[in-house]
$ cat entry_23.cif   # mmCIF, C-alpha atoms
data_final
loop_
_atom_site.label_atom_id
_atom_site.label_comp_id
_atom_site.auth_asym_id
_atom_site.auth_seq_id
_atom_site.Cartn_x
_atom_site.Cartn_y
_atom_site.Cartn_z
CA MET A 1 97.76 -150.69 -73.76
CA ASN A 2 100.17 -148.21 -72.16
CA ILE A 3 101.12 -149.93 -68.89
CA SER A 4 102.44 -146.68 -67.35
CA LYS A 5 99.15 -144.87 -67.99
CA TYR A 6 97.18 -147.86 -66.68
CA ILE A 7 99.11 -147.89 -63.40
CA SER A 8 98.79 -144.11 -63.13
CA ASP A 9 95.00 -144.34 -63.43
CA LYS A 10 94.90 -147.07 -60.80
CA ILE A 11 96.96 -145.23 -58.18
CA SER A 12 94.82 -142.13 -58.69
CA GLU A 13 91.89 -144.04 -57.18
CA VAL A 14 92.93 -143.19 -53.64
CA GLN A 15 90.69 -143.57 -50.63
CA THR A 16 88.66 -140.60 -49.51
CA GLY A 17 90.38 -138.60 -46.80
CA SER A 18 93.88 -139.91 -47.54
CA PHE A 19 96.86 -137.60 -47.25
CA THR A 20 97.70 -137.92 -50.96
CA GLN A 21 94.17 -136.91 -51.92
CA SER A 22 94.45 -133.74 -49.81
CA VAL A 23 97.78 -132.87 -51.43
CA THR A 24 96.46 -133.45 -54.94
CA LYS A 25 93.46 -131.24 -54.22
CA ILE A 26 95.82 -128.46 -53.13
CA ALA A 27 97.82 -128.91 -56.35
CA ILE A 28 94.67 -128.71 -58.48
CA ILE A 29 93.43 -125.64 -56.61
CA SER A 30 96.79 -123.87 -56.94
CA ILE A 31 96.91 -124.47 -60.70
CA ALA A 32 93.26 -123.48 -61.11
CA ALA A 33 93.77 -120.31 -59.07
CA GLY A 34 96.91 -119.45 -61.02
CA ILE A 35 95.22 -119.85 -64.40
CA ALA A 36 92.12 -117.94 -63.29
CA ILE A 37 94.14 -115.04 -61.85
CA MET A 38 96.34 -114.83 -64.95
CA ILE A 39 93.35 -114.77 -67.30
CA VAL A 40 91.56 -112.11 -65.24
CA SER A 41 94.74 -110.04 -64.81
CA PHE A 42 95.54 -109.95 -68.51
CA ALA A 43 91.91 -109.27 -69.45
CA ILE A 44 91.74 -106.32 -67.04
CA LEU A 45 95.19 -105.03 -68.04
CA GLU A 46 94.32 -105.11 -71.73
CA GLY A 47 90.96 -103.57 -70.91
CA PHE A 48 92.64 -100.67 -69.10
CA ARG A 49 95.14 -100.17 -71.91
CA ASN A 50 92.50 -100.25 -74.65
CA GLU A 51 90.07 -98.00 -72.78
CA ILE A 52 92.66 -95.35 -71.98
CA ARG A 53 94.20 -95.49 -75.45
CA ASP A 54 90.75 -95.13 -77.05
CA LYS A 55 90.08 -92.10 -74.86
CA ILE A 56 93.40 -90.55 -75.88
CA PHE A 57 92.82 -91.36 -79.56
CA SER A 58 89.41 -89.68 -79.42
CA PHE A 59 91.32 -86.37 -79.14
CA GLY A 60 94.26 -87.15 -81.35
CA ALA A 61 95.53 -89.72 -83.81
CA HIS A 62 98.76 -91.70 -83.59
CA LEU A 63 100.81 -89.01 -85.36
CA GLN A 64 100.30 -85.25 -85.51
CA ILE A 65 101.86 -82.94 -88.11
CA SER A 66 101.91 -79.20 -87.64
CA LYS A 67 103.88 -76.11 -88.61
CA TYR A 68 107.35 -76.04 -87.10
CA ASP A 69 107.07 -73.43 -84.35
CA THR A 70 108.75 -72.82 -81.00
CA ASN A 71 105.50 -71.40 -79.64
CA ASN A 72 103.74 -73.96 -77.42
CA SER A 73 100.28 -72.38 -77.63
CA TYR A 74 97.24 -74.40 -78.68
CA GLU A 75 96.85 -72.25 -81.79
CA GLY A 76 99.55 -72.74 -84.40
CA ALA A 77 100.30 -71.35 -87.84
CA PRO A 78 98.12 -72.85 -90.58
CA ILE A 79 99.45 -75.41 -93.03
CA SER A 80 98.20 -76.73 -96.33
CA TYR A 81 96.26 -79.97 -96.25
CA ASN A 82 98.62 -81.18 -98.97
CA ILE A 83 101.73 -81.84 -96.87
CA GLY A 84 103.40 -84.49 -98.98
CA VAL A 85 101.94 -87.35 -96.91
CA SER A 86 99.19 -89.62 -98.24
CA ASP A 87 97.43 -92.78 -97.14
CA THR A 88 99.43 -94.71 -99.76
CA ILE A 89 102.36 -94.82 -97.32
CA GLN A 90 102.68 -98.21 -95.69
CA GLY A 91 100.92 -98.42 -92.35
CA ILE A 92 98.70 -95.32 -92.77
CA LYS A 93 94.96 -95.84 -92.49
CA ARG A 94 93.60 -92.29 -92.65
CA ILE A 95 94.69 -88.64 -92.79
CA GLN A 96 92.46 -86.00 -91.21
CA GLY A 97 92.77 -82.27 -90.65
CA PHE A 98 91.98 -80.22 -87.56
CA ALA A 99 92.32 -76.70 -86.18
CA ARG A 100 92.26 -75.26 -82.66
CA LYS A 101 91.22 -71.89 -81.30
CA THR A 102 90.99 -70.53 -77.76
CA ALA A 103 87.66 -69.16 -76.60
CA ILE A 104 85.73 -68.00 -73.56
CA ILE A 105 82.28 -69.47 -72.96
CA LYS A 106 79.81 -67.15 -71.29
CA THR A 107 76.47 -68.11 -69.83
CA GLU A 108 74.12 -66.09 -67.65
CA ASP A 109 76.00 -67.02 -64.47
CA GLU A 110 79.38 -68.47 -65.45
CA VAL A 111 82.45 -67.75 -67.59
CA LEU A 112 85.05 -70.36 -68.59
CA GLY A 113 88.06 -70.49 -70.90
CA VAL A 114 88.33 -73.46 -73.29
CA VAL A 115 90.04 -74.62 -76.47
CA VAL A 116 87.78 -75.36 -79.41
CA LYS A 117 89.09 -78.16 -81.62
CA GLY A 118 87.56 -77.98 -85.06
CA VAL A 119 87.12 -81.15 -87.10
CA GLY A 120 85.44 -81.98 -90.39
CA LYS A 121 83.35 -84.71 -91.98
CA GLU A 122 86.43 -86.79 -92.76
CA TYR A 123 87.45 -86.85 -89.10
CA ASP A 124 86.81 -90.19 -87.39
CA LEU A 125 84.64 -89.53 -84.33
CA SER A 126 83.73 -93.18 -83.73
CA SER A 127 85.89 -93.35 -80.59
CA MET A 128 84.15 -90.22 -79.25
CA GLN A 129 80.80 -91.97 -79.68
CA HIS A 130 81.73 -94.32 -76.81
CA ASN A 131 82.43 -91.32 -74.55
CA LEU A 132 79.05 -89.64 -75.04
CA GLU A 133 77.04 -89.21 -71.86
CA GLY A 134 74.11 -87.64 -73.69
CA GLY A 135 73.07 -86.07 -76.97
CA LYS A 136 74.71 -86.86 -80.30
CA LEU A 137 77.75 -86.06 -82.39
CA ILE A 138 78.17 -82.90 -84.46
CA ALA A 139 75.89 -82.63 -87.51
CA PHE A 140 78.09 -81.21 -90.29
CA ASN A 141 76.68 -79.08 -93.11
CA ASP A 142 77.83 -79.18 -96.72
CA THR A 143 78.00 -75.40 -97.06
CA ALA A 144 77.81 -73.31 -93.88
CA SER A 145 79.62 -74.15 -90.66
CA SER A 146 77.78 -76.21 -88.07
CA LYS A 147 76.71 -74.50 -84.85
CA ASP A 148 76.93 -77.77 -82.91
CA VAL A 149 79.61 -78.37 -80.28
CA LEU A 150 80.49 -81.20 -77.94
CA LEU A 151 81.18 -80.24 -74.33
CA SER A 152 82.73 -82.43 -71.65
CA GLN A 153 80.70 -83.32 -68.57
CA ALA A 154 83.13 -81.26 -66.47
CA ILE A 155 82.71 -78.12 -68.59
CA ALA A 156 78.95 -78.56 -68.89
CA SER A 157 78.62 -78.91 -65.11
CA LYS A 158 80.65 -75.77 -64.44
CA LEU A 159 78.61 -73.76 -66.94
CA ARG A 160 75.31 -75.45 -66.00
CA LEU A 161 74.62 -76.41 -69.58
CA ASN A 162 72.63 -79.37 -70.90
CA VAL A 163 72.14 -80.95 -74.31
CA GLY A 164 70.27 -78.51 -76.55
CA ASP A 165 71.30 -75.38 -74.60
CA GLU A 166 73.00 -72.46 -76.33
CA ALA A 167 75.98 -70.44 -75.13
CA ILE A 168 78.02 -67.54 -76.45
CA PHE A 169 81.63 -68.30 -77.39
CA TYR A 170 84.00 -65.31 -77.41
CA PHE A 171 87.00 -66.18 -79.57
CA ILE A 172 90.26 -64.56 -78.53
CA GLN A 173 91.62 -62.61 -81.52
CA ASN A 174 91.94 -59.07 -82.74
CA PRO A 175 89.21 -57.95 -82.93
CA PRO A 176 87.41 -60.52 -80.72
CA ARG A 177 84.50 -62.34 -82.31
CA ALA A 178 81.47 -64.01 -80.73
CA ARG A 179 79.35 -66.91 -81.90
CA LYS A 180 76.26 -68.48 -80.37
CA LEU A 181 76.70 -72.25 -80.47
CA ARG A 182 74.45 -75.13 -79.43
CA VAL A 183 75.42 -78.07 -77.23
CA SER A 184 74.68 -81.14 -79.37
CA GLY A 185 76.27 -83.65 -77.00
CA ILE A 186 78.13 -84.10 -73.73
CA TYR A 187 81.12 -86.44 -73.47
CA ASN A 188 83.16 -87.79 -70.57
CA THR A 189 86.59 -89.41 -70.95
CA GLY A 190 87.65 -89.23 -67.32
CA LEU A 191 90.98 -87.69 -68.42
CA GLU A 192 91.22 -84.20 -66.90
CA GLU A 193 93.69 -82.88 -69.48
CA PHE A 194 90.95 -83.32 -72.09
CA ASP A 195 87.73 -82.88 -70.13
CA GLU A 196 88.83 -79.64 -68.49
CA VAL A 197 90.04 -78.02 -71.71
CA PHE A 198 88.60 -79.18 -75.02
CA VAL A 199 85.37 -78.48 -76.85
CA LEU A 200 84.77 -80.16 -80.22
CA GLY A 201 83.32 -78.06 -83.03
CA ASP A 202 83.29 -77.62 -86.79
CA ILE A 203 86.59 -76.78 -88.51
CA LYS A 204 84.66 -74.56 -90.94
CA LEU A 205 83.84 -72.25 -88.04
CA ILE A 206 87.52 -71.80 -87.21
CA ARG A 207 88.34 -71.18 -90.87
CA GLU A 208 85.68 -68.46 -90.95
CA LEU A 209 87.05 -66.83 -87.81
CA ASN A 210 90.65 -66.94 -89.12
CA ASN A 211 89.72 -66.07 -92.71
CA TRP A 212 91.35 -69.27 -93.98
CA PRO A 213 90.53 -70.88 -97.31
CA ASP A 214 89.29 -74.47 -97.37
CA THR A 215 92.79 -75.73 -98.19
CA LEU A 216 94.28 -74.65 -94.83
CA VAL A 217 94.16 -76.49 -91.52
CA GLY A 218 95.78 -76.03 -88.14
CA GLY A 219 97.38 -79.46 -88.33
CA VAL A 220 97.08 -82.94 -89.79
CA GLU A 221 96.56 -86.16 -87.85
CA VAL A 222 97.71 -89.51 -89.21
CA VAL A 223 95.79 -92.63 -88.14
CA LEU A 224 97.77 -95.87 -88.39
CA ASN A 225 96.61 -99.42 -89.02
CA ASP A 226 98.66 -100.74 -86.11
CA PHE A 227 99.55 -98.69 -83.05
CA ASP A 228 102.44 -101.06 -82.24
CA GLN A 229 104.15 -99.96 -85.50
CA ILE A 230 104.10 -96.27 -84.57
CA ASP A 231 107.89 -95.83 -84.54
CA GLU A 232 108.39 -97.36 -87.99
CA ALA A 233 105.44 -95.43 -89.44
CA ALA A 234 106.72 -92.17 -87.91
CA GLU A 235 110.03 -92.59 -89.75
CA ARG A 236 108.29 -93.14 -93.09
CA VAL A 237 106.00 -90.13 -92.57
CA PHE A 238 108.91 -87.92 -91.51
CA GLU A 239 110.81 -88.75 -94.70
CA SER A 240 107.77 -87.90 -96.85
CA MET A 241 106.46 -84.68 -95.28
CA ASN A 242 107.59 -81.15 -96.14
CA TYR A 243 110.72 -79.79 -94.50
CA ASP A 244 109.04 -76.91 -92.63
CA LEU A 245 106.73 -79.20 -90.63
CA GLN A 246 107.17 -81.03 -87.33
CA LEU A 247 106.01 -84.51 -86.43
CA GLU A 248 104.88 -85.58 -82.97
CA LYS A 249 103.93 -89.06 -81.81
CA ILE A 250 101.01 -89.45 -79.45
CA THR A 251 103.26 -91.45 -77.11
CA ASP A 252 105.43 -88.34 -76.73
CA ARG A 253 102.53 -85.91 -76.48
CA HIS A 254 100.95 -87.91 -73.64
CA ALA A 255 104.10 -89.56 -72.33
CA GLN A 256 102.91 -89.63 -68.72
CA LEU A 257 99.87 -91.76 -69.50
CA PHE A 258 101.72 -94.20 -71.74
CA ASP A 259 104.56 -94.54 -69.20
CA TRP A 260 101.97 -95.36 -66.55
CA LEU A 261 100.53 -98.10 -68.79
CA LYS A 262 104.00 -99.58 -69.35
CA LEU A 263 104.69 -99.58 -65.61
CA LEU A 264 101.35 -101.27 -64.98
CA GLN A 265 102.19 -103.97 -67.53
CA LYS A 266 105.58 -104.65 -65.90
CA ASN A 267 103.99 -105.05 -62.48
CA VAL A 268 101.42 -107.50 -63.84
CA VAL A 269 104.13 -109.57 -65.57
CA ILE A 270 106.14 -109.82 -62.32
CA PHE A 271 102.98 -110.82 -60.45
CA LEU A 272 102.16 -113.52 -63.00
CA VAL A 273 105.68 -114.96 -62.88
CA LEU A 274 105.29 -115.40 -59.12
CA ILE A 275 101.91 -117.10 -59.62
CA ILE A 276 103.35 -119.59 -62.13
CA PHE A 277 106.29 -120.27 -59.80
CA VAL A 278 103.94 -121.08 -56.91
CA ALA A 279 101.77 -123.35 -59.08
CA THR A 280 104.76 -125.31 -60.44
CA PHE A 281 106.35 -125.55 -56.98
CA ASN A 282 103.14 -127.03 -55.59
CA MET A 283 103.13 -129.59 -58.40
CA VAL A 284 106.76 -130.53 -57.63
CA SER A 285 105.86 -131.00 -53.95
CA THR A 286 102.81 -133.07 -54.88
CA VAL A 287 104.78 -135.45 -57.11
CA PHE A 288 107.50 -135.78 -54.43
CA ILE A 289 104.86 -136.84 -51.91
CA MET A 290 103.28 -139.29 -54.36
CA ILE A 291 106.70 -140.87 -55.05
CA ILE A 292 107.55 -141.20 -51.36
CA GLU A 293 104.14 -142.71 -50.61
CA ARG A 294 104.63 -145.21 -53.45
CA ILE A 295 108.20 -146.26 -52.65
CA ASN A 296 107.11 -149.88 -52.10
CA MET A 297 105.27 -149.94 -55.42
CA ILE A 298 108.31 -148.51 -57.23
CA GLY A 299 110.51 -151.25 -55.69
CA VAL A 300 108.09 -153.97 -56.78
CA LEU A 301 107.87 -152.56 -60.33
CA LYS A 302 111.65 -152.46 -60.58
CA ALA A 303 111.88 -156.01 -59.24
CA VAL A 304 109.56 -157.34 -61.97
CA GLY A 305 111.56 -155.61 -64.70
CA ALA A 306 110.02 -152.12 -65.12
CA THR A 307 112.49 -149.52 -66.36
CA ASP A 308 113.08 -146.15 -64.72
CA ALA A 309 111.55 -144.46 -67.78
CA GLN A 310 108.33 -146.50 -67.44
CA ILE A 311 108.04 -145.69 -63.73
CA ARG A 312 108.69 -142.01 -64.38
CA GLN A 313 105.86 -142.06 -66.93
CA VAL A 314 103.50 -143.35 -64.22
CA PHE A 315 103.98 -140.17 -62.19
CA TYR A 316 104.25 -138.03 -65.30
CA PHE A 317 100.77 -139.12 -66.42
CA ARG A 318 99.47 -138.54 -62.89
CA GLY A 319 100.90 -135.03 -62.82
CA LEU A 320 99.54 -134.33 -66.30
CA LYS A 321 96.04 -135.37 -65.23
CA LEU A 322 96.15 -133.11 -62.18
CA THR A 323 97.46 -130.21 -64.26
CA LEU A 324 94.77 -130.55 -66.92
CA LYS A 325 92.06 -130.76 -64.26
CA GLY A 326 93.37 -127.60 -62.60
CA MET A 327 93.62 -125.81 -65.95
CA LEU A 328 90.03 -126.76 -66.79
CA TRP A 329 88.69 -125.32 -63.55
CA GLY A 330 90.95 -122.28 -63.83
CA ASN A 331 89.67 -121.47 -67.31
CA LEU A 332 86.05 -121.90 -66.27
CA VAL A 333 86.47 -119.60 -63.27
CA GLY A 334 88.64 -117.01 -65.04
CA ILE A 335 86.61 -116.75 -68.25
CA GLY A 336 83.37 -116.92 -66.27
CA PHE A 337 84.42 -113.99 -64.07
CA CYS A 338 85.50 -111.97 -67.11
CA ALA A 339 82.20 -112.68 -68.87
CA ALA A 340 80.19 -111.64 -65.81
CA GLN A 341 82.13 -108.37 -65.51
CA TYR A 342 81.98 -107.71 -69.26
CA TYR A 343 78.22 -108.12 -69.57
CA PHE A 344 76.95 -107.02 -66.15
CA GLU A 345 79.70 -104.56 -64.97
CA LEU A 346 79.59 -105.92 -61.43
CA ILE A 347 82.70 -104.10 -60.13
CA PRO A 348 82.59 -100.27 -60.32
CA LEU A 349 85.56 -97.88 -60.18
CA ASP A 350 86.06 -94.28 -59.14
CA PRO A 351 86.46 -92.32 -62.43
CA GLU A 352 88.55 -89.64 -60.71
CA ASN A 353 91.27 -92.18 -59.90
CA TYR A 354 90.96 -94.78 -62.67
CA TYR A 355 89.63 -92.71 -65.64
CA MET A 356 86.63 -95.05 -66.00
CA ASP A 357 83.57 -96.03 -64.00
CA ARG A 358 83.91 -99.85 -64.10
CA VAL A 359 86.58 -102.53 -64.39
CA PRO A 360 87.16 -103.00 -68.13
CA ILE A 361 87.54 -106.40 -69.79
CA SER A 362 89.30 -107.03 -73.09
CA TRP A 363 88.96 -110.42 -74.80
CA ASN A 364 92.14 -111.86 -76.27
CA PHE A 365 91.82 -115.61 -76.68
CA GLY A 366 95.31 -115.79 -78.16
CA VAL A 367 96.73 -114.64 -74.82
CA ILE A 368 94.53 -117.16 -72.97
CA LEU A 369 95.88 -119.98 -75.12
CA ILE A 370 99.45 -118.82 -74.51
CA LEU A 371 98.89 -118.69 -70.74
CA ASN A 372 97.48 -122.23 -70.76
CA ALA A 373 100.29 -123.55 -72.94
CA LEU A 374 102.95 -121.86 -70.80
CA THR A 375 101.46 -123.25 -67.59
CA LEU A 376 101.23 -126.76 -69.04
CA VAL A 377 104.81 -126.75 -70.36
CA LEU A 378 106.37 -125.34 -67.17
CA THR A 379 104.40 -127.68 -64.94
CA MET A 380 105.37 -130.71 -67.00
CA LEU A 381 109.03 -129.66 -66.92
CA ALA A 382 108.79 -129.20 -63.16
CA ILE A 383 107.50 -132.76 -62.74
CA LEU A 384 110.77 -134.04 -64.21
CA ILE A 385 112.61 -132.77 -61.09
CA PRO A 386 111.03 -135.15 -58.54
CA ALA A 387 110.71 -137.92 -61.15
CA ALA A 388 114.51 -137.94 -61.47
CA MET A 389 114.84 -139.42 -57.98
CA ILE A 390 113.24 -142.66 -59.17
CA ALA A 391 116.53 -143.75 -60.72
CA ARG A 392 118.17 -143.63 -57.26
CA ILE A 393 115.65 -145.94 -55.63
CA LYS A 394 117.00 -149.47 -55.06
CA PRO A 395 114.43 -152.30 -55.32
CA VAL A 396 115.57 -154.16 -52.17
CA LYS A 397 115.48 -151.07 -49.94
CA ALA A 398 112.25 -149.79 -51.55
CA ILE A 399 110.35 -153.01 -50.88
CA LYS A 400 111.43 -152.89 -47.20
CA PHE A 401 110.63 -149.14 -46.98
CA ASP A 402 108.02 -148.23 -44.39
#
$ encode --input "entry_23.cif" --output "structure tokens"
Amino acid sequence: MNISKYISDKISEVQTGSFTQSVTKIAIISIAAGIAIMIVSFAILEGFRNEIRDKIFSFGAHLQISKYDTNNSYEGAPISYNIGVSDTIQGIKRIQGFARKTAIIKTEDEVLGVVVKGVGKEYDLSSMQHNLEGGKLIAFNDTASSKDVLLSQAIASKLRLNVGDEAIFYFIQNPPRARKLRVSGIYNTGLEEFDEVFVLGDIKLIRELNNWPDTLVGGVEVVLNDFDQIDEAAERVFESMNYDLQLEKITDRHAQLFDWLKLLQKNVVIFLVLIIFVATFNMVSTVFIMIIERINMIGVLKAVGATDAQIRQVFYFRGLKLTLKGMLWGNLVGIGFCAAQYYFELIPLDPENYYMDRVPISWNFGVILILNALTLVLTMLAILIPAAMIARIKPVKAIKFD
């Protein structure tokens, strides 16, 4: 039997309403609150990051290759689909072509300028599926170009269009050309730079308007296996592609959004450091109080031959029990709140300010385990600070202590 653990269990059986019991409850609550807040904070932060990144990726892949041109217009010079880059390069998941063309949409009452982004069958529209407010994705044909287009909720509201309605698109070129297209679906990302500008259509339509063969595209997007490896993958792609092309990372193209996400992450990290500091400080205070209240016991244990290490273990086991109890409650509260928000969407948001209509939750149990391990380690290290004073306690003075 471990005598230190036995004594620790015995002194934990304090009387109801005692001062030590009140202090230990505060310690448990502080650790539980810290764990719960950290779990919820990281889940929401990752949810925000994933939601916004998915919305950005629905309009562009990690890397974009286009003709080298000083003109910053949406329409660029065409390039061949064969650009010297293939999915055999390490880190590349998919290569997909696209083309853009400016147009004016005219209805009976409204006129609005937009940019039509043409995509093909090989283009991954799975992320756009999550943004659909109504209707369905574009139905591509094997031969002729599809007449389906996806409008944003903002554009559809301005033009008073619904799913299934038709509108005339006047494409800006010489001579201008017009096409009657049908609204197959309406999307909403909450990001104004996309929702106010882009309409998704068939790349075959743009090739017809520009008299391009099937081998030409306006640009090529490169989808990576891991977004975190974008810098390394960009270097490999740049070395492989043709010399007359330019490469742009999505983090540069939408730098403002990604900088905002980095700033948000830094603020959360600082906030969590303060939470851990408060939780560990409360545990230090709790152990100090338990030692002072048990001065007589410590003197008696030393008088009968107990070593300082054995006495320190008594309070170490007591602190460990309090920490584990707080961590248990913290995990139950934190994971429970995240589950309730994930399944029932209890807390809404204003899409105009937060780019989404509810608080997002992202599950990462690896992060949860790290948070628990970090809290446990730091709290246990903090307990060593008050436990060190045990060596200074003299048995004769401790037994007479009152």
$ residues_around --input "entry_23.cif" --residues "segment 271-288 of chain A" --least-positions-apart "3" --cutoff "8 Å" --atoms "all atoms listed in the file" --output "list in words"
Val23, Thr24, Ile26, Ala27, Ser30, Ile31, Gly34, Met38, Asn267, Val268, Ile291, Ile292, Phe315, Gly319, Thr375, Leu378, Thr379, Ala382, Ile383, Ile385, Pro386 and Ala387 of chain A
$ closest_residue --input "entry_23.cif" --among "A:Asp87, A:Glu208, A:Glu75, A:Asp165" --to "Thr107 of chain A" --atoms "only C-alpha atoms"
A:Asp165
$ atom_distance --input "entry_23.cif" --atom1 "atom CA of Val40 of chain A" --atom2 "atom CA of Thr251 of chain A"
26.5 Å
$ residues_around --input "entry_23.cif" --residues "segment 168-185 of chain A" --least-positions-apart "4" --cutoff "9 Å" --atoms "all atoms listed in the file" --output "list in words"
Lys101, Thr102, Ala103, Ile104, Ile105, Lys106, Thr107, Leu132, Glu133, Gly134, Gly135, Lys136, Leu137, Ile138, Ala139, Ser146, Lys147, Asp148, Val149, Leu150, Leu151, Ser152, Leu161, Asn162, Val163, Gly164, Leu209 and Asn210 of chain A
$ write_last_selection --input "entry_23.cif" --atoms "C-alpha atoms" --output "JSON list (two decimals), in the frame of the given file"
[["chain", "number", "residue", "atom", "x", "y", "z"],
["A", 101, "LYS", "CA", 91.22, -71.89, -81.30],
["A", 102, "THR", "CA", 90.99, -70.53, -77.76],
["A", 103, "ALA", "CA", 87.66, -69.16, -76.60],
["A", 104, "ILE", "CA", 85.73, -68.00, -73.56],
["A", 105, "ILE", "CA", 82.28, -69.47, -72.96],
["A", 106, "LYS", "CA", 79.81, -67.15, -71.29],
["A", 107, "THR", "CA", 76.47, -68.11, -69.83],
["A", 132, "LEU", "CA", 79.05, -89.64, -75.04],
["A", 133, "GLU", "CA", 77.04, -89.21, -71.86],
["A", 134, "GLY", "CA", 74.11, -87.64, -73.69],
["A", 135, "GLY", "CA", 73.07, -86.07, -76.97],
["A", 136, "LYS", "CA", 74.71, -86.86, -80.30],
["A", 137, "LEU", "CA", 77.75, -86.06, -82.39],
["A", 138, "ILE", "CA", 78.17, -82.90, -84.46],
["A", 139, "ALA", "CA", 75.89, -82.63, -87.51],
["A", 146, "SER", "CA", 77.78, -76.21, -88.07],
["A", 147, "LYS", "CA", 76.71, -74.50, -84.85],
["A", 148, "ASP", "CA", 76.93, -77.77, -82.91],
["A", 149, "VAL", "CA", 79.61, -78.37, -80.28],
["A", 150, "LEU", "CA", 80.49, -81.20, -77.94],
["A", 151, "LEU", "CA", 81.18, -80.24, -74.33],
["A", 152, "SER", "CA", 82.73, -82.43, -71.65],
["A", 161, "LEU", "CA", 74.62, -76.41, -69.58],
["A", 162, "ASN", "CA", 72.63, -79.37, -70.90],
["A", 163, "VAL", "CA", 72.14, -80.95, -74.31],
["A", 164, "GLY", "CA", 70.27, -78.51, -76.55],
["A", 209, "LEU", "CA", 87.05, -66.83, -87.81],
["A", 210, "ASN", "CA", 90.65, -66.94, -89.12]]
$ atom_distance --input "entry_23.cif" --atom1 "atom CA of Lys158 of chain A" --atom2 "atom CA of Leu191 of chain A"
16.3 Å
$ resolve_selection --input "entry_23.cif" --expression "the PyMOL selection byres ((chain A and resi 78) around 7)" --output "PyMOL selection string"
chain A and resi 67+76-77+79-80+216-218
$ residues_around --input "entry_23.cif" --residues "segment 334-345 of chain A" --least-positions-apart "6" --cutoff "9 Å" --atoms "only C-alpha atoms" --output "ChimeraX atom specification"
/A:32-33,35-40,43-44,358-363
$ closest_residue --input "entry_23.cif" --among "A:Gly118, A:Gly84, A:Gly60, A:Gly190" --to "Tyr354 of chain A" --atoms "all atoms listed in the file"
A:Gly190
$ closest_residue --input "entry_23.cif" --among "A:Glu352, A:Glu239, A:Asp308, A:Asp69" --to "Ser4 of chain A" --atoms "all atoms listed in the file"
A:Asp308
$ residues_near_point --input "entry_23.cif" --point "(108.0, -80.5, -96.5)" --cutoff "12 Å" --atoms "all atoms listed in the file" --output "ChimeraX atom specification"
/A:65-68,79-85,237-247
